[in-house]
file protein.cif (mmCIF, C-alpha atoms)
data_target
loop_
_atom_site.group_PDB
_atom_site.id
_atom_site.type_symbol
_atom_site.label_atom_id
_atom_site.label_comp_id
_atom_site.auth_asym_id
_atom_site.auth_seq_id
_atom_site.Cartn_x
_atom_site.Cartn_y
_atom_site.Cartn_z
ATOM 1 C CA MET A 1 16.570 7.646 -38.355
ATOM 2 C CA ASP A 2 15.071 6.082 -41.501
ATOM 3 C CA ARG A 3 18.150 5.114 -43.505
ATOM 4 C CA GLY A 4 16.251 3.458 -46.337
ATOM 5 C CA TRP A 5 18.329 0.298 -45.977
ATOM 6 C CA THR A 6 18.561 -2.513 -43.446
ATOM 7 C CA GLY A 7 21.687 -4.522 -44.313
ATOM 8 C CA LYS A 8 19.649 -7.720 -44.518
ATOM 9 C CA SER A 9 19.567 -10.187 -47.400
ATOM 10 C CA TYR A 10 16.556 -10.495 -49.672
ATOM 11 C CA GLY A 11 14.908 -13.825 -50.365
ATOM 12 C CA GLY A 12 14.287 -15.042 -46.829
ATOM 13 C CA TYR A 13 15.603 -18.199 -45.213
ATOM 14 C CA PHE A 14 14.171 -20.617 -47.786
ATOM 15 C CA GLY A 15 15.519 -18.701 -50.798
ATOM 16 C CA ASN A 16 18.996 -18.353 -49.315
ATOM 17 C CA LYS A 17 19.013 -22.020 -48.304
ATOM 18 C CA CYS A 18 18.142 -23.060 -51.877
ATOM 19 C CA PHE A 19 21.014 -21.044 -53.300
ATOM 20 C CA ALA A 20 23.429 -22.414 -50.682
ATOM 21 C CA LEU A 21 22.480 -25.988 -51.613
ATOM 22 C CA LEU A 22 22.816 -25.262 -55.325
ATOM 23 C CA LEU A 23 26.273 -23.799 -54.761
ATOM 24 C CA LYS A 24 27.376 -27.223 -53.553
ATOM 25 C CA LEU A 25 26.763 -28.388 -57.127
ATOM 26 C CA GLY A 26 28.601 -25.406 -58.590
ATOM 27 C CA LEU A 27 28.039 -21.818 -59.595
ATOM 28 C CA PHE A 28 26.255 -22.480 -62.871
ATOM 29 C CA PRO A 29 23.196 -24.198 -61.311
ATOM 30 C CA ALA A 30 22.881 -21.256 -58.907
ATOM 31 C CA TYR A 31 23.230 -18.773 -61.776
ATOM 32 C CA LEU A 32 20.428 -20.610 -63.620
ATOM 33 C CA LEU A 33 18.038 -20.199 -60.703
ATOM 34 C CA LEU A 34 19.068 -16.543 -60.501
ATOM 35 C CA VAL A 35 17.689 -15.946 -64.018
ATOM 36 C CA PHE A 36 14.179 -16.545 -62.667
ATOM 37 C CA VAL A 37 14.713 -14.903 -59.280
ATOM 38 C CA ALA A 38 15.878 -11.652 -60.901
ATOM 39 C CA ALA A 39 12.767 -11.628 -63.094
ATOM 40 C CA TYR A 40 10.573 -12.237 -60.045
ATOM 41 C CA PHE A 41 12.058 -9.255 -58.222
ATOM 42 C CA MET A 42 11.688 -7.004 -61.266
ATOM 43 C CA PHE A 43 7.997 -7.844 -61.744
ATOM 44 C CA PHE A 44 6.764 -8.507 -58.214
ATOM 45 C CA ARG A 45 9.126 -6.676 -55.839
ATOM 46 C CA ARG A 46 9.173 -3.270 -57.488
ATOM 47 C CA ALA A 47 9.652 -1.393 -54.217
ATOM 48 C CA ALA A 48 12.851 -3.340 -53.530
ATOM 49 C CA CYS A 49 14.196 -2.385 -56.965
ATOM 50 C CA ALA A 50 13.114 1.262 -57.030
ATOM 51 C CA GLY A 51 16.384 2.657 -55.704
ATOM 52 C CA GLY A 52 18.360 0.860 -58.388
ATOM 53 C CA VAL A 53 16.039 2.190 -61.085
ATOM 54 C CA ARG A 54 16.540 5.756 -59.811
ATOM 55 C CA PHE A 55 20.297 5.275 -59.862
ATOM 56 C CA LEU A 56 20.335 3.977 -63.442
ATOM 57 C CA SER A 57 18.143 6.894 -64.532
ATOM 58 C CA ARG A 58 20.617 9.391 -63.076
ATOM 59 C CA VAL A 59 23.638 7.672 -64.616
ATOM 60 C CA ASP A 60 22.026 7.405 -68.055
ATOM 61 C CA GLY A 61 20.452 10.878 -67.937
ATOM 62 C CA ARG A 62 17.093 9.466 -68.985
ATOM 63 C CA GLU A 63 14.167 7.646 -67.440
ATOM 64 C CA VAL A 64 14.930 3.948 -67.020
ATOM 65 C CA GLY A 65 11.827 1.805 -66.735
ATOM 66 C CA ALA A 66 11.094 -0.481 -63.806
ATOM 67 C CA PHE A 67 10.507 -3.253 -66.375
ATOM 68 C CA SER A 68 13.518 -2.811 -68.635
ATOM 69 C CA PRO A 69 16.622 -4.689 -69.778
ATOM 70 C CA GLU A 70 18.717 -2.248 -67.725
ATOM 71 C CA THR A 71 16.853 -3.018 -64.503
ATOM 72 C CA TYR A 72 17.007 -6.757 -65.138
ATOM 73 C CA LYS A 73 20.736 -6.553 -65.869
ATOM 74 C CA LEU A 74 21.340 -4.706 -62.583
ATOM 75 C CA LEU A 75 19.403 -7.349 -60.630
ATOM 76 C CA MET A 76 21.242 -10.182 -62.356
ATOM 77 C CA SER A 77 24.577 -8.504 -61.662
ATOM 78 C CA PHE A 78 23.659 -8.093 -58.001
ATOM 79 C CA GLY A 79 22.715 -11.750 -57.733
ATOM 80 C CA VAL A 80 25.873 -12.927 -59.477
ATOM 81 C CA CYS A 81 28.059 -10.917 -57.092
ATOM 82 C CA LEU A 82 26.183 -12.322 -54.091
ATOM 83 C CA LEU A 83 26.613 -15.876 -55.353
ATOM 84 C CA ASP A 84 30.274 -15.280 -56.143
ATOM 85 C CA ARG A 85 30.770 -13.889 -52.640
ATOM 86 C CA ALA A 86 29.195 -16.987 -51.120
ATOM 87 C CA ALA A 87 31.277 -19.293 -53.343
ATOM 88 C CA TYR A 88 34.445 -17.387 -52.407
ATOM 89 C CA TYR A 89 33.794 -17.772 -48.673
ATOM 90 C CA PHE A 90 32.786 -21.409 -49.181
ATOM 91 C CA GLY A 91 36.278 -22.011 -50.546
ATOM 92 C CA SER A 92 35.570 -22.150 -54.293
ATOM 93 C CA LYS A 93 38.697 -21.900 -56.422
ATOM 94 C CA LYS A 94 36.693 -20.544 -59.360
ATOM 95 C CA ILE A 95 36.494 -17.026 -57.938
ATOM 96 C CA GLU A 96 39.724 -15.133 -58.579
ATOM 97 C CA ILE A 97 40.587 -11.664 -57.291
ATOM 98 C CA ASP A 98 43.438 -9.741 -58.875
ATOM 99 C CA ASP A 99 44.576 -7.486 -56.024
ATOM 100 C CA GLU A 100 46.325 -4.342 -57.284
ATOM 101 C CA CYS A 101 46.083 -2.478 -53.967
ATOM 102 C CA GLY A 102 49.549 -3.446 -52.811
ATOM 103 C CA LYS A 103 51.319 -0.704 -54.728
ATOM 104 C CA VAL A 104 49.303 1.871 -52.760
ATOM 105 C CA LEU A 105 48.843 0.101 -49.403
ATOM 106 C CA GLU A 106 52.240 -1.486 -48.826
ATOM 107 C CA PRO A 107 54.280 1.770 -48.761
ATOM 108 C CA LEU A 108 51.767 3.263 -46.323
ATOM 109 C CA LEU A 109 51.973 0.241 -44.010
ATOM 110 C CA ALA A 110 55.765 -0.008 -44.194
ATOM 111 C CA ASP A 111 56.345 2.360 -41.244
ATOM 112 C CA GLY A 112 54.026 0.394 -38.968
ATOM 113 C CA ARG A 113 51.122 2.830 -39.105
ATOM 114 C CA GLY A 114 47.562 1.666 -39.349
ATOM 115 C CA ALA A 115 45.379 2.366 -42.367
ATOM 116 C CA VAL A 116 41.718 3.177 -42.869
ATOM 117 C CA VAL A 117 40.555 1.341 -45.983
ATOM 118 C CA LEU A 118 37.331 2.735 -47.411
ATOM 119 C CA THR A 119 35.007 0.979 -49.788
ATOM 120 C CA ALA A 120 31.412 1.191 -51.022
ATOM 121 C CA HIS A 121 28.544 -1.128 -51.886
ATOM 122 C CA VAL A 122 29.911 -1.822 -55.357
ATOM 123 C CA GLY A 123 30.874 -5.150 -56.924
ATOM 124 C CA GLY A 124 32.545 -7.676 -54.631
ATOM 125 C CA TRP A 125 33.118 -5.411 -51.645
ATOM 126 C CA GLU A 126 32.756 -8.182 -49.036
ATOM 127 C CA MET A 127 35.389 -10.359 -50.677
ATOM 128 C CA SER A 128 37.810 -7.436 -50.670
ATOM 129 C CA GLY A 129 37.709 -7.386 -46.862
ATOM 130 C CA ALA A 130 39.107 -10.906 -46.645
ATOM 131 C CA GLU A 131 41.764 -10.069 -49.238
ATOM 132 C CA LEU A 132 43.217 -7.492 -46.827
ATOM 133 C CA PHE A 133 44.561 -10.302 -44.629
ATOM 134 C CA LYS A 134 47.383 -10.810 -47.124
ATOM 135 C CA TYR A 135 49.024 -7.594 -45.866
ATOM 136 C CA GLY A 136 49.857 -9.287 -42.587
ATOM 137 C CA ARG A 137 47.897 -6.971 -40.320
ATOM 138 C CA ARG A 138 44.874 -7.350 -38.096
ATOM 139 C CA VAL A 139 41.788 -6.501 -40.174
ATOM 140 C CA PHE A 140 38.955 -4.830 -38.295
ATOM 141 C CA VAL A 141 35.661 -3.772 -39.897
ATOM 142 C CA LEU A 142 33.919 -0.763 -38.385
ATOM 143 C CA GLY A 143 30.247 -1.428 -38.956
ATOM 144 C CA VAL A 144 27.372 -3.651 -38.008
ATOM 145 C CA ASP A 145 26.062 -6.991 -39.243
ATOM 146 C CA ASN A 146 22.251 -6.773 -39.405
ATOM 147 C CA GLU A 147 21.795 -10.102 -41.167
ATOM 148 C CA ASP A 148 19.001 -12.392 -40.018
ATOM 149 C CA PRO A 149 20.655 -14.896 -37.621
ATOM 150 C CA LYS A 150 19.110 -17.885 -39.411
ATOM 151 C CA ILE A 151 20.424 -16.716 -42.786
ATOM 152 C CA ARG A 152 23.826 -15.909 -41.283
ATOM 153 C CA ALA A 153 23.963 -19.444 -39.868
ATOM 154 C CA ILE A 154 23.572 -20.898 -43.376
ATOM 155 C CA GLY A 155 26.728 -19.169 -44.550
ATOM 156 C CA GLU A 156 28.682 -19.824 -41.374
ATOM 157 C CA SER A 157 27.991 -23.556 -41.598
ATOM 158 C CA MET A 158 29.655 -23.674 -45.028
ATOM 159 C CA ARG A 159 32.341 -20.994 -44.690
ATOM 160 C CA LYS A 160 35.982 -21.989 -45.226
ATOM 161 C CA VAL A 161 37.601 -18.560 -45.677
ATOM 162 C CA ASP A 162 38.097 -16.284 -42.666
ATOM 163 C CA LYS A 163 36.113 -13.068 -42.452
ATOM 164 C CA PRO A 164 37.425 -9.916 -40.779
ATOM 165 C CA GLU A 165 36.120 -9.180 -37.290
ATOM 166 C CA ILE A 166 33.264 -6.672 -37.174
ATOM 167 C CA SER A 167 32.811 -4.047 -34.464
ATOM 168 C CA GLY A 168 29.130 -4.952 -34.075
ATOM 169 C CA GLY A 169 27.816 -1.414 -34.096
ATOM 170 C CA TYR A 170 28.399 2.304 -34.501
ATOM 171 C CA GLY A 171 28.974 4.930 -31.859
ATOM 172 C CA ALA A 172 31.605 5.899 -29.321
ATOM 173 C CA ALA A 173 32.542 2.385 -28.186
ATOM 174 C CA ALA A 174 33.102 1.148 -31.751
ATOM 175 C CA ASN A 175 35.116 4.274 -32.616
ATOM 176 C CA ILE A 176 37.334 3.804 -29.566
ATOM 177 C CA GLU A 177 37.927 0.185 -30.561
ATOM 178 C CA ALA A 178 38.760 1.230 -34.134
ATOM 179 C CA TYR A 179 41.090 3.974 -32.874
ATOM 180 C CA ALA A 180 42.948 1.475 -30.692
ATOM 181 C CA ALA A 181 43.226 -0.936 -33.621
ATOM 182 C CA LEU A 182 44.697 1.771 -35.858
ATOM 183 C CA ARG A 183 47.183 2.846 -33.211
ATOM 184 C CA GLY A 184 48.244 -0.788 -33.039
ATOM 185 C CA GLY A 185 48.955 -0.852 -36.789
ATOM 186 C CA ALA A 186 45.769 -2.584 -37.915
ATOM 187 C CA ILE A 187 43.782 -2.108 -41.090
ATOM 188 C CA VAL A 188 40.350 -0.709 -40.266
ATOM 189 C CA ALA A 189 37.921 -1.174 -43.150
ATOM 190 C CA MET A 190 34.578 0.567 -43.497
ATOM 191 C CA HIS A 191 31.996 1.700 -45.997
ATOM 192 C CA ALA A 192 31.968 5.425 -46.706
ATOM 193 C CA ASP A 193 29.055 5.642 -49.125
ATOM 194 C CA ARG A 194 25.962 5.148 -46.937
ATOM 195 C CA TYR A 195 25.028 7.751 -44.351
ATOM 196 C CA ALA A 196 24.187 6.108 -41.020
ATOM 197 C CA GLY A 197 23.967 9.186 -38.817
ATOM 198 C CA GLY A 198 26.577 11.473 -37.314
ATOM 199 C CA ARG A 199 28.779 13.974 -39.102
ATOM 200 C CA PHE A 200 28.589 14.347 -42.855
ATOM 201 C CA SER A 201 29.293 16.642 -45.772
ATOM 202 C CA GLU A 202 26.944 17.358 -48.651
ATOM 203 C CA ALA A 203 28.549 16.117 -51.854
ATOM 204 C CA ASP A 204 27.634 16.222 -55.515
ATOM 205 C CA PHE A 205 26.792 12.818 -56.951
ATOM 206 C CA PHE A 206 25.281 12.327 -60.412
ATOM 207 C CA GLY A 207 23.585 15.700 -60.454
ATOM 208 C CA GLY A 208 22.188 15.619 -56.921
ATOM 209 C CA LYS A 209 23.297 16.173 -53.340
ATOM 210 C CA VAL A 210 24.048 13.264 -51.020
ATOM 211 C CA LYS A 211 25.160 12.992 -47.406
ATOM 212 C CA ALA A 212 28.761 11.779 -47.441
ATOM 213 C CA PRO A 213 29.893 10.448 -44.028
ATOM 214 C CA THR A 214 33.026 12.107 -42.598
ATOM 215 C CA ALA A 215 33.662 9.970 -39.489
ATOM 216 C CA ALA A 216 36.382 7.935 -41.217
ATOM 217 C CA TYR A 217 38.513 11.016 -41.853
ATOM 218 C CA HIS A 218 38.156 12.307 -38.283
ATOM 219 C CA LEU A 219 39.183 8.854 -37.044
ATOM 220 C CA ALA A 220 42.188 8.600 -39.368
ATOM 221 C CA LYS A 221 43.460 12.050 -38.408
ATOM 222 C CA ALA A 222 43.153 11.317 -34.693
ATOM 223 C CA ALA A 223 44.995 7.989 -35.050
ATOM 224 C CA ASN A 224 47.624 9.297 -37.504
ATOM 225 C CA ALA A 225 46.523 6.641 -39.980
ATOM 226 C CA ALA A 226 46.577 6.598 -43.766
ATOM 227 C CA VAL A 227 43.301 6.644 -45.726
ATOM 228 C CA VAL A 228 42.930 4.579 -48.895
ATOM 229 C CA GLN A 229 39.796 4.188 -51.020
ATOM 230 C CA THR A 230 39.471 0.793 -52.683
ATOM 231 C CA VAL A 231 37.057 -0.876 -55.064
ATOM 232 C CA CYS A 232 36.538 -4.511 -56.079
ATOM 233 C CA VAL A 233 34.700 -4.941 -59.381
ATOM 234 C CA ARG A 234 33.790 -7.932 -61.526
ATOM 235 C CA GLU A 235 35.682 -7.735 -64.820
ATOM 236 C CA LYS A 236 34.306 -10.960 -66.312
ATOM 237 C CA LEU A 237 32.867 -14.290 -65.236
ATOM 238 C CA PHE A 238 34.517 -15.425 -61.987
ATOM 239 C CA LYS A 239 37.161 -12.661 -62.241
ATOM 240 C CA TYR A 240 37.376 -9.606 -59.957
ATOM 241 C CA ARG A 241 39.861 -6.768 -59.794
ATOM 242 C CA MET A 242 40.625 -4.969 -56.555
ATOM 243 C CA SER A 243 42.317 -1.583 -56.904
ATOM 244 C CA ALA A 244 43.025 1.530 -54.877
ATOM 245 C CA PHE A 245 42.882 5.247 -55.570
ATOM 246 C CA PRO A 246 45.747 7.506 -54.447
ATOM 247 C CA PRO A 247 45.717 8.012 -50.656
ATOM 248 C CA ILE A 248 43.358 10.650 -49.275
ATOM 249 C CA ASP A 249 45.374 13.114 -47.171
ATOM 250 C CA ALA A 250 43.185 13.191 -44.069
ATOM 251 C CA ALA A 251 46.038 14.678 -42.019
ATOM 252 C CA ASN A 252 46.069 17.934 -44.000
ATOM 253 C CA LEU A 253 42.623 18.146 -45.612
ATOM 254 C CA ALA A 254 39.374 18.938 -43.872
ATOM 255 C CA PRO A 255 37.121 15.900 -43.406
ATOM 256 C CA GLU A 256 34.573 17.556 -45.704
ATOM 257 C CA GLU A 257 37.178 17.797 -48.478
ATOM 258 C CA CYS A 258 38.094 14.143 -47.988
ATOM 259 C CA ALA A 259 34.431 13.136 -48.323
ATOM 260 C CA GLN A 260 34.158 15.092 -51.571
ATOM 261 C CA ILE A 261 37.188 13.237 -52.969
ATOM 262 C CA PHE A 262 35.680 9.896 -51.988
ATOM 263 C CA MET A 263 32.381 10.661 -53.719
ATOM 264 C CA ARG A 264 34.111 11.902 -56.887
ATOM 265 C CA ASN A 265 36.111 8.690 -57.046
ATOM 266 C CA LEU A 266 32.980 6.651 -56.396
ATOM 267 C CA GLN A 267 31.126 8.415 -59.202
ATOM 268 C CA SER A 268 33.917 7.534 -61.630
ATOM 269 C CA VAL A 269 33.610 3.861 -60.647
ATOM 270 C CA ALA A 270 29.802 3.853 -60.728
ATOM 271 C CA THR A 271 29.834 5.437 -64.188
ATOM 272 C CA LYS A 272 32.028 2.679 -65.594
ATOM 273 C CA TYR A 273 30.422 -0.169 -63.622
ATOM 274 C CA LYS A 274 26.852 1.021 -63.278
ATOM 275 C CA TYR A 275 25.487 -2.521 -63.102
ATOM 276 C CA GLN A 276 27.607 -3.181 -60.015
ATOM 277 C CA TRP A 277 26.049 -0.409 -57.927
ATOM 278 C CA PHE A 278 24.234 -2.171 -55.093
ATOM 279 C CA ASN A 279 22.554 0.554 -53.049
ATOM 280 C CA PHE A 280 18.902 -0.375 -53.558
ATOM 281 C CA TYR A 281 17.341 2.631 -51.864
ATOM 282 C CA ASP A 282 16.952 6.308 -52.719
ATOM 283 C CA PHE A 283 20.579 7.393 -52.368
ATOM 284 C CA TRP A 284 19.657 11.086 -52.782
ATOM 285 C CA LYS A 285 16.835 11.168 -50.240
#

call {"tool": "encode", "arguments": {"input": "protein.cif", "output": "structure tokens"}}
result
Amino acid sequence: MDRGWTGKSYGGYFGNKCFALLLKLGLFPAYLLLVFVAAYFMFFRRAACAGGVRFLSRVDGREVGAFSPETYKLLMSFGVCLLDRAAYYFGSKKIEIDDECGKVLEPLLADGRGAVVLTAHVGGWEMSGAELFKYGRRVFVLGVDNEDPKIRAIGESMRKVDKPEISGGYGAAANIEAYAALRGGAIVAMHADRYAGGRFSEADFFGGKVKAPTAAYHLAKAANAAVVQTVCVREKLFKYRMSAFPPIDAANLAPEECAQIFMRNLQSVATKYKYQWFNFYDFWK
């Protein structure tokens, strides 16, 4: 299936290595290089930016140009979040995350049940996975890491903050592993915005129909686990806020209804933080 996305970083080995070396000097030198890299992508990598341009056009209700301040701002925002993520995992104390999820998650975890924590490709989603460790549970990510091994090795050589374990794929084996983790009281985190095959529900999203995955809700119901949708957005320089919506009642609602709730919540976030939407492909295709 052509998903329209690969899960791999842009910039190649050399570009990612340059940013990693600059981060050793601090975030500001890396941000400075990003000013030129964002311009390069806007002018010379139009295909890579097209999905973001389509998204901005739908949010604004007007045609946003490929060469526009809005497109450049989106690319800069994407780069800043990527650099902040790297700095966070490299142990930088500059990046601060205000975690407000406890008031929703802690009561759900109090009885020993597991929880499915859903997120989307918005803001600092990867940092939010590591923040889940503070709840004292095993954190398991249901998904796949498609990163180029050489680029992954750059980050691993500098990483000082633990990352959650990743299932390494989709399908029956990964679902069984996630089910067992939930039954053992773990937090299972996954994205619920991108369709990667399997069951789905058509949902309204900024005036069009999208395929909203429903596997998470089937899994939660089978494992008697809570479902919480979270988001981690950049509020200002170096500062992120992680928050949670009210729990999604997967035990009593149909998976299709749960998917609709997720997409409505996601639209509210993407409306307010449109420059932190990082799905750079045709989301409505």

call {"tool": "closest_residue", "arguments": {"input": "protein.cif", "among": "A:Met263, A:Val122, A:Val117, A:Leu32", "to": "Ala216 of chain A", "atoms": "only C-alpha atoms"}}
result
A:Val117

call {"tool": "closest_residue", "arguments": {"input": "protein.cif", "among": "A:Phe205, A:Tyr275, A:Phe133, A:Tyr72", "to": "Ala186 of chain A", "atoms": "only C-alpha atoms"}}
result
A:Phe133

call {"tool": "resolve_selection", "arguments": {"input": "protein.cif", "expression": "the PyMOL selection byres ((chain A and resi 139) around 12)", "output": "PyMOL selection string"}}
result
chain A and resi 114-117+128-138+140-142+162-167+178+181-182+184-190

call {"tool": "resolve_selection", "arguments": {"input": "protein.cif", "expression": "the PyMOL selection byres ((chain A and resi 43-54) around 9)", "output": "VMD selection string"}}
result
chain A and resid 10 38 to 42 55 to 59 63 to 67 70 to 71 74 to 75 277 to 283

call {"tool": "resolve_selection", "arguments": {"input": "protein.cif", "expression": "the PyMOL selection byres ((chain A and resi 82) around 12)", "output": "ChimeraX atom specification"}}
result
/A:9-11,16,19-20,23,27,30-31,34,75-81,83-89,95,121-127,155,234,238,276,278

call {"tool": "closest_residue", "arguments": {"input": "protein.cif", "among": "A:Arg62, A:Lys239, A:Lys94, A:Lys209", "to": "Trp284 of chain A", "atoms": "only C-alpha atoms"}}
result
A:Lys209

call {"tool": "atom_distance", "arguments": {"input": "protein.cif", "atom1": "atom CA of Phe90 of chain A", "atom2": "atom CA of Val161 of chain A"}}
result
6.6 Å

call {"tool": "residues_near_point", "arguments": {"input": "protein.cif", "point": "(50.2, 15.6, -43.4)", "cutoff": "10 Å", "atoms": "only C-alpha atoms", "output": "PDB file with C-alpha atoms, keeping the file's coordinate frame"}}
result
ATOM      1  CA  LYS A 221      43.460  12.050 -38.408  1.00  0.00           C
ATOM      2  CA  ASN A 224      47.624   9.297 -37.504  1.00  0.00           C
ATOM      3  CA  ALA A 226      46.577   6.598 -43.766  1.00  0.00           C
ATOM      4  CA  ASP A 249      45.374  13.114 -47.171  1.00  0.00           C
ATOM      5  CA  ALA A 250      43.185  13.191 -44.069  1.00  0.00           C
ATOM      6  CA  ALA A 251      46.038  14.678 -42.019  1.00  0.00           C
ATOM      7  CA  ASN A 252      46.069  17.934 -44.000  1.00  0.00           C
ATOM      8  CA  LEU A 253      42.623  18.146 -45.612  1.00  0.00           C
TER       9      LEU A 253
END

call {"tool": "closest_residue", "arguments": {"input": "protein.cif", "among": "A:Gln229, A:Ser92, A:Ser268, A:Gln260", "to": "Phe200 of chain A", "atoms": "only C-alpha atoms"}}
result
A:Gln260

call {"tool": "closest_residue", "arguments": {"input": "protein.cif", "among": "A:Ile261, A:Ala192, A:Ala203, A:Ala254", "to": "Thr119 of chain A", "atoms": "only C-alpha atoms"}}
result
A:Ala192

call {"tool": "atom_distance", "arguments": {"input": "protein.cif", "atom1": "atom CA of Ser243 of chain A", "atom2": "atom CA of Val104 of chain A"}}
result
8.8 Å

call {"tool": "atom_distance", "arguments": {"input": "protein.cif", "atom1": "atom CA of Arg183 of chain A", "atom2": "atom CA of Ala222 of chain A"}}
result
9.5 Å

call {"tool": "closest_residue", "arguments": {"input": "protein.cif", "among": "A:Tyr217, A:Pro255, A:Cys232, A:Lys160", "to": "Val269 of chain A", "atoms": "all atoms listed in the file"}}
result
A:Cys232
